[in-house]
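Data from coords_14.cif: mmCIF, C-alpha atoms and all ligand atoms
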data_structure
#
loop_
_atom_site.label_atom_id
_atom_site.label_comp_id
_atom_site.auth_asym_id
_atom_site.auth_seq_id
_atom_site.Cartn_x
_atom_site.Cartn_y
_atom_site.Cartn_z
CA MET A 11 20.40 2.59 0.10
CA THR A 12 20.45 3.51 3.81
CA ASN A 13 20.65 1.52 7.02
CA ARG A 14 17.67 3.26 8.60
CA LEU A 15 15.49 0.13 8.88
CA ALA A 16 18.16 -2.18 10.33
CA ASN A 17 16.65 -4.53 12.94
CA LYS A 18 13.12 -3.87 11.61
CA THR A 19 10.76 -6.37 10.03
CA ALA A 20 8.49 -4.94 7.33
CA LEU A 21 5.49 -6.63 5.74
CA VAL A 22 4.50 -5.51 2.24
CA THR A 23 1.23 -6.90 0.85
CA GLY A 24 0.71 -7.24 -2.90
CA ALA A 25 4.49 -7.38 -3.29
CA ALA A 26 4.74 -9.90 -6.15
CA GLN A 27 4.89 -7.08 -8.69
CA GLY A 28 4.46 -3.38 -9.37
CA ILE A 29 4.57 -0.77 -6.61
CA GLY A 30 4.54 -3.40 -3.84
CA LYS A 31 7.63 -5.13 -5.21
CA ALA A 32 9.42 -1.76 -5.49
CA ILE A 33 8.50 -0.93 -1.89
CA ALA A 34 9.73 -4.32 -0.65
CA THR A 35 12.97 -3.87 -2.60
CA ARG A 36 13.55 -0.39 -1.15
CA LEU A 37 12.80 -1.40 2.46
CA ALA A 38 15.19 -4.35 2.09
CA ALA A 39 17.83 -1.94 0.74
CA ASP A 40 17.29 0.14 3.90
CA GLY A 41 18.23 -2.89 5.99
CA ALA A 42 14.81 -4.32 6.88
CA THR A 43 13.89 -7.97 6.97
CA VAL A 44 11.07 -7.89 4.41
CA ILE A 45 8.06 -10.19 4.41
CA VAL A 46 6.94 -10.33 0.78
CA SER A 47 3.26 -11.29 0.65
CA ASP A 48 0.78 -11.69 -2.21
CA VAL A 49 -2.22 -13.80 -3.20
CA ASN A 50 -0.14 -14.88 -6.21
CA ALA A 51 2.05 -17.46 -4.46
CA ASP A 52 4.42 -18.10 -7.40
CA GLY A 53 4.93 -14.39 -8.03
CA CYS A 54 5.44 -13.85 -4.31
CA ALA A 55 8.22 -16.45 -4.12
CA ALA A 56 9.85 -15.08 -7.29
CA ALA A 57 9.83 -11.50 -5.94
CA ALA A 58 11.37 -12.59 -2.62
CA ALA A 59 14.05 -14.50 -4.55
CA ASP A 60 14.76 -11.40 -6.71
CA ILE A 61 15.14 -9.24 -3.60
CA GLY A 62 17.34 -11.90 -1.98
CA GLY A 63 19.10 -11.34 1.34
CA LYS A 64 16.68 -11.48 4.25
CA ALA A 65 13.47 -11.35 2.13
CA VAL A 66 10.91 -14.02 3.03
CA SER A 67 7.89 -15.04 0.92
CA ILE A 68 4.63 -15.69 2.81
CA PRO A 69 1.64 -15.80 0.43
CA ALA A 70 -1.76 -14.62 1.72
CA ASP A 71 -5.12 -13.33 0.50
CA ILE A 72 -5.73 -10.10 2.42
CA SER A 73 -9.51 -10.34 1.87
CA ASP A 74 -9.66 -13.68 3.73
CA ALA A 75 -9.62 -13.48 7.54
CA ALA A 76 -8.18 -17.00 8.04
CA SER A 77 -5.43 -16.33 5.49
CA VAL A 78 -4.47 -13.11 7.30
CA THR A 79 -4.40 -14.90 10.68
CA ALA A 80 -2.10 -17.56 9.21
CA LEU A 81 0.14 -14.83 7.73
CA PHE A 82 0.66 -13.14 11.11
CA ASP A 83 1.18 -16.47 12.90
CA ALA A 84 3.95 -17.21 10.39
CA ILE A 85 5.47 -13.74 10.83
CA GLN A 86 5.50 -14.14 14.61
CA GLN A 87 7.28 -17.51 14.30
CA GLN A 88 9.73 -16.62 11.52
CA ALA A 89 10.55 -13.01 12.39
CA ARG A 90 9.26 -12.45 15.96
CA GLY A 91 6.59 -10.07 14.69
CA VAL A 92 6.30 -7.03 12.49
CA ASP A 93 7.49 -3.42 12.94
CA VAL A 94 6.29 -1.87 9.67
CA VAL A 95 3.22 -2.82 7.64
CA VAL A 96 2.58 -1.51 4.13
CA ASN A 97 -1.00 -2.12 3.00
CA ASN A 98 -0.34 -2.08 -0.74
CA ALA A 99 -2.30 -5.06 -2.15
CA SER A 100 -5.35 -4.09 -4.13
CA ILE A 101 -7.28 -4.73 -7.31
CA VAL A 102 -6.94 -1.86 -9.81
CA PRO A 103 -9.98 -2.15 -12.10
CA PHE A 104 -10.86 -0.27 -15.28
CA ILE A 105 -14.64 -0.56 -15.55
CA ALA A 106 -17.31 1.62 -17.12
CA TRP A 107 -19.86 2.94 -14.63
CA ASP A 108 -22.66 1.05 -16.43
CA ASP A 109 -20.86 -2.23 -15.68
CA VAL A 110 -20.43 -1.55 -11.95
CA ASP A 111 -22.77 -4.03 -10.26
CA LEU A 112 -23.03 -5.23 -6.67
CA ALA A 113 -20.66 -8.17 -7.25
CA HIS A 114 -17.92 -5.84 -8.54
CA TRP A 115 -18.53 -3.33 -5.73
CA GLU A 116 -18.28 -6.04 -3.06
CA GLN A 117 -15.13 -7.51 -4.62
CA ILE A 118 -13.32 -4.15 -4.68
CA ILE A 119 -14.45 -3.09 -1.20
CA GLY A 120 -13.63 -6.61 0.06
CA VAL A 121 -10.01 -6.52 -1.10
CA ASN A 122 -9.08 -2.83 -1.16
CA LEU A 123 -10.85 -1.67 2.02
CA THR A 124 -11.75 -4.74 4.11
CA GLY A 125 -8.38 -6.33 3.27
CA THR A 126 -6.62 -3.22 4.59
CA PHE A 127 -8.72 -3.48 7.76
CA LEU A 128 -7.96 -7.20 8.28
CA VAL A 129 -4.20 -6.74 7.88
CA SER A 130 -4.17 -3.61 10.06
CA ARG A 131 -6.23 -5.36 12.77
CA ALA A 132 -3.81 -8.30 12.97
CA ALA A 133 -0.66 -6.18 12.54
CA THR A 134 -1.44 -3.64 15.24
CA ASP A 135 -2.60 -6.34 17.68
CA GLN A 136 0.76 -8.04 17.11
CA MET A 137 2.68 -4.75 17.52
CA ARG A 138 0.95 -4.04 20.82
CA ALA A 139 1.47 -7.60 22.12
CA ASN A 140 5.19 -7.23 21.28
CA LYS A 141 5.34 -3.63 22.63
CA VAL A 142 6.53 -2.40 19.24
CA GLU A 143 6.19 1.29 18.30
CA GLY A 144 5.20 0.32 14.80
CA ARG A 145 4.32 1.95 11.51
CA VAL A 146 1.25 1.36 9.34
CA ILE A 147 1.45 2.81 5.82
CA ASN A 148 -1.67 2.52 3.66
CA ILE A 149 -1.45 2.89 -0.12
CA SER A 150 -4.52 4.86 -1.22
CA SER A 151 -4.73 6.72 -4.57
CA ASN A 152 -4.99 10.28 -5.87
CA THR A 153 -8.16 9.11 -7.66
CA PHE A 154 -9.84 9.91 -4.32
CA PHE A 155 -9.07 13.61 -4.94
CA ALA A 156 -9.59 13.54 -8.72
CA GLY A 157 -12.71 11.35 -8.97
CA THR A 158 -11.01 9.53 -11.85
CA PRO A 159 -13.39 7.84 -14.35
CA ASN A 160 -13.90 4.08 -14.80
CA MET A 161 -13.05 3.19 -11.20
CA ALA A 162 -16.06 4.19 -9.03
CA ALA A 163 -15.85 1.33 -6.50
CA TYR A 164 -12.05 1.68 -6.38
CA VAL A 165 -12.26 5.43 -5.68
CA ALA A 166 -14.79 4.75 -2.90
CA ALA A 167 -12.56 2.08 -1.35
CA LYS A 168 -9.49 4.36 -1.51
CA GLY A 169 -11.46 7.15 0.20
CA GLY A 170 -12.40 4.62 2.86
CA VAL A 171 -8.71 3.83 3.34
CA ILE A 172 -8.01 7.53 4.02
CA GLY A 173 -10.83 7.73 6.58
CA PHE A 174 -9.61 4.53 8.22
CA THR A 175 -6.05 5.92 8.32
CA ARG A 176 -7.24 9.00 10.22
CA ALA A 177 -9.26 6.98 12.74
CA LEU A 178 -6.60 4.31 13.32
CA ALA A 179 -3.97 6.99 13.95
CA THR A 180 -6.16 8.26 16.81
CA GLU A 181 -6.83 4.78 18.20
CA LEU A 182 -3.15 3.75 18.25
CA GLY A 183 -1.21 6.94 18.89
CA ALA A 184 -1.03 6.25 22.63
CA HIS A 185 0.81 3.01 21.82
CA GLY A 186 3.45 4.85 19.78
CA ILE A 187 2.12 3.43 16.52
CA THR A 188 1.81 5.86 13.61
CA VAL A 189 -0.62 5.38 10.73
CA ASN A 190 -0.31 7.26 7.45
CA ALA A 191 -1.52 7.02 3.86
CA VAL A 192 0.19 7.66 0.54
CA THR A 193 -1.81 8.62 -2.55
CA PRO A 194 0.11 7.80 -5.72
CA GLY A 195 -0.89 9.23 -9.06
CA LEU A 196 -0.76 7.11 -12.21
CA ILE A 197 2.28 4.82 -11.95
CA GLU A 198 3.74 2.56 -14.63
CA SER A 199 3.31 -0.65 -12.62
CA ASP A 200 2.98 -4.17 -14.03
CA GLY A 201 -0.78 -4.05 -13.43
CA VAL A 202 -1.22 -0.67 -15.14
CA ILE A 203 0.93 -1.66 -18.13
CA ALA A 204 -1.36 -4.67 -18.70
CA SER A 205 -4.58 -2.57 -18.46
CA PRO A 206 -6.36 0.26 -20.34
CA HIS A 207 -4.89 2.68 -17.74
CA ASN A 208 -1.70 2.42 -19.78
CA GLU A 209 -3.34 4.71 -22.37
CA ALA A 210 -3.77 7.53 -19.81
CA PHE A 211 -0.14 8.60 -19.32
CA GLU A 212 -0.16 11.41 -21.88
CA PHE A 213 -3.31 12.96 -20.40
CA VAL A 214 -2.09 12.59 -16.80
CA GLU A 215 1.33 14.05 -17.62
CA MET A 216 -0.43 17.13 -19.01
CA LEU A 217 -2.00 17.63 -15.55
CA GLN A 218 1.24 17.04 -13.60
CA ALA A 219 3.33 20.00 -12.37
CA VAL A 220 6.50 17.92 -12.75
CA LYS A 221 6.68 16.10 -16.09
CA GLY A 222 7.47 12.44 -16.70
CA LYS A 223 5.95 8.97 -16.22
CA GLY A 224 5.27 7.89 -12.63
CA GLN A 225 7.40 4.92 -11.62
CA PRO A 226 7.05 2.43 -8.71
CA GLN A 227 10.34 3.78 -7.30
CA HIS A 228 8.77 7.23 -6.83
CA ILE A 229 6.32 5.69 -4.35
CA ALA A 230 8.83 3.30 -2.73
CA ASP A 231 11.18 6.17 -1.82
CA VAL A 232 8.39 8.03 0.03
CA VAL A 233 7.23 4.88 1.84
CA SER A 234 10.81 4.34 3.00
CA PHE A 235 10.77 7.82 4.58
CA LEU A 236 7.41 7.22 6.31
CA ALA A 237 8.73 3.89 7.65
CA SER A 238 11.84 5.56 9.05
CA ASP A 239 12.51 7.28 12.37
CA ASP A 240 12.61 10.63 10.54
CA ALA A 241 8.80 10.40 10.16
CA ARG A 242 8.10 9.75 13.88
CA TRP A 243 6.11 13.00 14.32
CA ILE A 244 3.78 12.31 11.35
CA SER A 245 0.51 10.42 11.94
CA GLY A 246 -2.98 10.34 10.45
CA GLN A 247 -1.71 12.11 7.33
CA THR A 248 -2.19 11.54 3.64
CA LEU A 249 0.92 12.24 1.57
CA ASN A 250 0.06 12.84 -2.09
CA VAL A 251 2.80 11.58 -4.46
CA ASP A 252 1.70 12.39 -8.01
CA ALA A 253 4.13 14.98 -9.45
CA GLY A 254 1.67 17.70 -8.44
CA MET A 255 -1.27 16.47 -10.53
CA VAL A 256 -3.79 17.32 -7.79
CA ARG A 257 -3.48 19.70 -4.80
CA HIS A 258 -5.46 18.94 -1.65
P1 LIG B 301 -0.50 -4.32 -9.50
O1 LIG B 301 -1.80 -4.82 -10.04
O2 LIG B 301 0.67 -4.24 -10.41
O3 LIG B 301 -0.08 -5.24 -8.24
C1 LIG B 301 -0.99 -5.50 -7.22
C2 LIG B 301 -0.59 -6.77 -6.50
O4 LIG B 301 -1.57 -7.00 -5.48
C3 LIG B 301 -0.58 -8.01 -7.41
O5 LIG B 301 0.63 -8.71 -7.26
C4 LIG B 301 -1.78 -8.81 -6.91
O6 LIG B 301 -1.60 -10.23 -7.03
C5 LIG B 301 -1.87 -8.38 -5.47
N1 LIG B 301 -3.20 -8.63 -4.89
C6 LIG B 301 -4.40 -8.40 -5.45
N2 LIG B 301 -5.39 -8.85 -4.67
C7 LIG B 301 -4.80 -9.38 -3.57
C8 LIG B 301 -5.28 -10.00 -2.38
N3 LIG B 301 -6.60 -10.24 -2.20
N4 LIG B 301 -4.39 -10.40 -1.46
C9 LIG B 301 -3.06 -10.21 -1.65
N5 LIG B 301 -2.55 -9.65 -2.75
C10 LIG B 301 -3.41 -9.23 -3.69
O7 LIG B 301 -0.84 -2.95 -8.80
P2 LIG B 301 0.04 -1.61 -8.61
O8 LIG B 301 -0.27 -0.70 -9.73
O9 LIG B 301 1.44 -1.94 -8.28
O10 LIG B 301 -0.69 -1.01 -7.33
C11 LIG B 301 -0.18 -1.15 -6.02
C12 LIG B 301 -0.95 -0.24 -5.08
O11 LIG B 301 -0.84 1.11 -5.52
C13 LIG B 301 -2.44 -0.53 -5.01
O12 LIG B 301 -2.92 -0.28 -3.70
C14 LIG B 301 -3.01 0.48 -5.97
O13 LIG B 301 -4.37 0.75 -5.71
C15 LIG B 301 -2.13 1.66 -5.68
N6 LIG B 301 -2.07 2.67 -6.73
C16 LIG B 301 -1.62 2.36 -7.98
C17 LIG B 301 -1.56 3.36 -8.95
C18 LIG B 301 -1.04 3.09 -10.33
O14 LIG B 301 -1.23 3.94 -11.20
N7 LIG B 301 -0.38 1.97 -10.58
C19 LIG B 301 -1.97 4.65 -8.64
C20 LIG B 301 -2.44 4.92 -7.36
C21 LIG B 301 -2.49 3.92 -6.41
C1 LIG B 302 -4.42 9.17 -11.86
O1 LIG B 302 -4.86 4.60 -8.73
O2 LIG B 302 -4.19 7.43 -9.59
C2 LIG B 302 -5.21 5.84 -13.21
C3 LIG B 302 -5.34 3.60 -11.96
N1 LIG B 302 -4.97 7.16 -13.11
O3 LIG B 302 -5.21 3.36 -10.55
C4 LIG B 302 -4.93 4.52 -9.94
C5 LIG B 302 -4.66 7.70 -11.92
C6 LIG B 302 -5.15 5.03 -12.10
C7 LIG B 302 -4.56 6.92 -10.77
C8 LIG B 302 -4.85 5.57 -10.89
#

Write out the structure in this file as structure tokens.
Ligand code: NAD
Ligand code: 4PL
Amino acid sequence: MTNRLANKTALVTGAAQGIGKAIATRLAADGATVIVSDVNADGCAAAAADIGGKAVSIPADISDAASVTALFDAIQQQARGVDVVVNNASIVPFIAWDDVDLAHWEQIIGVNLTGTFLVSRAATDQMRANKVEGRVINISSNTFFAGTPNMAAYVAAKGGVIGFTRALATELGAHGITVNAVTPGLIESDGVIASPHNEAFEFVEMLQAVKGKGQPQHIADVVSFLASDDARWISGQTLNVDAGMVRH
């Protein structure tokens, strides 16, 4: 689509399907070498094959510290390190509040918040070791603003991601690394289509300023901008991408 990420290597987590796959596809179209990563190893390899070109599949579980270490060792060997990291992988639950127990809470925080920490820790250590003025882009959710029902642990984790984004931007700004978050609204991803969230489109569209069904491409196009040199003066921010459903 552009050539603005030529000579960059971009890691996208949770890229086997949905929004992550669309982001990986867009960054590759912008000229990046894309590391397609996912806990679903078969889906990960299939997505990298679909993208083709310079896309590389390296499966990893972001909630597992050893798996994340192995991922970044492989990236250092195969691509001489990472320039752009998109923390997209997460579990998107639909669960009544009465069913939210400690095991569910710990699972969602463990993947959606601690996983984002583990990948950001390893990625920004690698960027600094390589003297790379890198980009970290965290996929949060507009449920943090809306307090959307049936996702209490998820909303808490996504709020944590926004707080972490603000703090990490401060910690790393002196190294030329920017850290930003994107908050999508309801998007017709593979995961959403296969879940009860798929029933919510009519209601959500009623709340949107701009009408239509959110698509993975709507998020990928904004992530491409944040990954580009045009966004060099933006850090610690949360960019809401939901057709104007919520205003913050
Ligand atoms: P999805 O369920 O379609 O895809 C998520 C991917 O993440 C899957 O391929 C899954 O295997 C992977 N994944 C899950 N746990 C993992 C782990 N421990 N390690 C590595 N990979 C893991 O989801 P989606 O709808 O495309 O969502 C992508 C991102 O966008 C998520 O961060 C989600 O919270 C966010 N988001 C989605 C929506 C929406 O409506 N779809 C709205 C706002 C935010
Ligand atoms: C508005 O992040 O942002 C449902 C499911 N509805 O995961 C989300 C909205 C969902 C959302 C989300």

Worksheet item: Given a cut-off of 8 Å, what residues near ligand LIG 301 (chain B) show up using all atoms listed in the file, put as a PyMOL selection string?
Response: chain A and resi 23-31+47-50+53-54+69-74+97-102+121-122+125+148-153+164+168+193-202+207+224+226

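By chain and then residue number, the residues within 7 Å of Ala230 (chain A) are Ala32, Ile33, Arg36, Pro226, Gln227, His228, Val232, Val233 and Ser234 of chain A, counting all atoms listed in the file and disregarding those fewer than 2 positions away in sequence.
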
Spatial neighbours of Thr175 (chain A), max dist 6 Å, only C-alpha atoms, sep filter under 4 positions, as a PDB file with C-alpha atoms, keeping the file's coordinate frame:
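What ended up in around.pdb:
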ATOM      1  CA  VAL A 189      -0.620   5.380  10.730  1.00  0.00           C
ATOM      2  CA  ASN A 190      -0.310   7.260   7.450  1.00  0.00           C
ATOM      3  CA  GLY A 246      -2.980  10.340  10.450  1.00  0.00           C
TER       4      GLY A 246
END

Fill in: Nearest candidate to Asn140 (chain A) (options A:Val171, A:Asp93, A:Leu249, A:Gly183; using all atoms listed in the file)
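Among A:Val171, A:Asp93, A:Leu249, A:Gly183, it is A:Asp93 that comes nearest to Asn140 (chain A).
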
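With only C-alpha atoms and all ligand atoms as the basis for measurement, A:Ala210 is the residue among A:Met11, A:Leu21, A:Ala210, A:Ala133 that approaches ligand LIG 302 (chain B) most closely.
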
Worksheet item: Looking at A:Asp111, A:Glu215, A:Glu143, A:Asp240, which one is nearest to ligand LIG 302 (chain B), with distances taken over all atoms listed in the file?
Response: A:Glu215

Can you tell me, as an mmCIF file with C-alpha atoms, keeping the file's coordinate frame, what residues are no more than 6 Å from Phe154 (chain A) when counting all atoms listed in the file, ignoring any on the same chain fewer than 3 positions away?
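The resulting file, result18.cif, is reproduced below:
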data_model
loop_
_atom_site.group_PDB
_atom_site.id
_atom_site.type_symbol
_atom_site.label_atom_id
_atom_site.label_comp_id
_atom_site.auth_asym_id
_atom_site.auth_seq_id
_atom_site.Cartn_x
_atom_site.Cartn_y
_atom_site.Cartn_z
ATOM 1 C CA GLY A 157 -12.710 11.350 -8.970
ATOM 2 C CA VAL A 165 -12.260 5.430 -5.680
ATOM 3 C CA GLY A 169 -11.460 7.150 0.200
#

Worksheet item: For Ala184 (chain A), which of A:Thr35, A:Gln117, A:Thr19, A:Ser245 is the closest residue, counting all atoms listed in the file?
Response: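 Of all the options, A:Ser245 lies closest to Ala184 (chain A).
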
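The smallest atom-to-atom distance between ligand LIG 302 (chain B) and any of A:Thr188, A:Ser238, A:Thr158, A:Gln225, using all atoms listed in the file, is found for A:Thr158.
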
Write out as an mmCIF file with C-alpha atoms, in the coordinates of the input which residues come within 8 Å of Ile119 (chain A) when counting all atoms listed in the file, dropping same-chain ones fewer than 5 positions away.
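Okay, this is what ended up in result27.cif:
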data_model
loop_
_atom_site.group_PDB
_atom_site.id
_atom_site.type_symbol
_atom_site.label_atom_id
_atom_site.label_comp_id
_atom_site.auth_asym_id
_atom_site.auth_seq_id
_atom_site.Cartn_x
_atom_site.Cartn_y
_atom_site.Cartn_z
ATOM 1 C CA THR A 124 -11.750 -4.740 4.110
ATOM 2 C CA ALA A 163 -15.850 1.330 -6.500
ATOM 3 C CA TYR A 164 -12.050 1.680 -6.380
ATOM 4 C CA ALA A 167 -12.560 2.080 -1.350
#

Worksheet item: Distance CA of Ala113 (chain A)-CA of Arg131 (chain A), one decimal place?
Response: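 Between these atoms lies a distance of 24.8 Å.
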
Return as JSON the centre and edge lengths, in Å with one decimal, of the box along x, y and z that encloses every atom of region 209-227 of chain A in the file, padded by 5 Å per side.
{"center_x": 3.3, "center_y": 11.2, "center_z": -14.8, "size_x": 24.1, "size_y": 27.6, "size_z": 25.1}

Discussion item. Using all atoms listed in the file, which protein or nucleic acid residues come within 10 Å of Arg14 (chain A)? Drop anything in the same chain fewer than 4 positions from it, and give the result as number ranges by chain.
Written reply: A: 18, 37, 39-42, 234-235, 237-240

Can you spit out the residues from that selection as a PDB file, in the coordinates of the input, using C-alpha atoms?
ATOM      1  CA  LYS A  18      13.120  -3.870  11.610  1.00  0.00           C
ATOM      2  CA  LEU A  37      12.800  -1.400   2.460  1.00  0.00           C
ATOM      3  CA  ALA A  39      17.830  -1.940   0.740  1.00  0.00           C
ATOM      4  CA  ASP A  40      17.290   0.140   3.900  1.00  0.00           C
ATOM      5  CA  GLY A  41      18.230  -2.890   5.990  1.00  0.00           C
ATOM      6  CA  ALA A  42      14.810  -4.320   6.880  1.00  0.00           C
ATOM      7  CA  SER A 234      10.810   4.340   3.000  1.00  0.00           C
ATOM      8  CA  PHE A 235      10.770   7.820   4.580  1.00  0.00           C
ATOM      9  CA  ALA A 237       8.730   3.890   7.650  1.00  0.00           C
ATOM     10  CA  SER A 238      11.840   5.560   9.050  1.00  0.00           C
ATOM     11  CA  ASP A 239      12.510   7.280  12.370  1.00  0.00           C
ATOM     12  CA  ASP A 240      12.610  10.630  10.540  1.00  0.00           C
TER      13      ASP A 240
END

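Nearest to ligand LIG 302 (chain B) of all the residues A:Gly91, A:Gly63, A:Pro159, A:Gly144 is A:Pro159, based on only C-alpha atoms and all ligand atoms.
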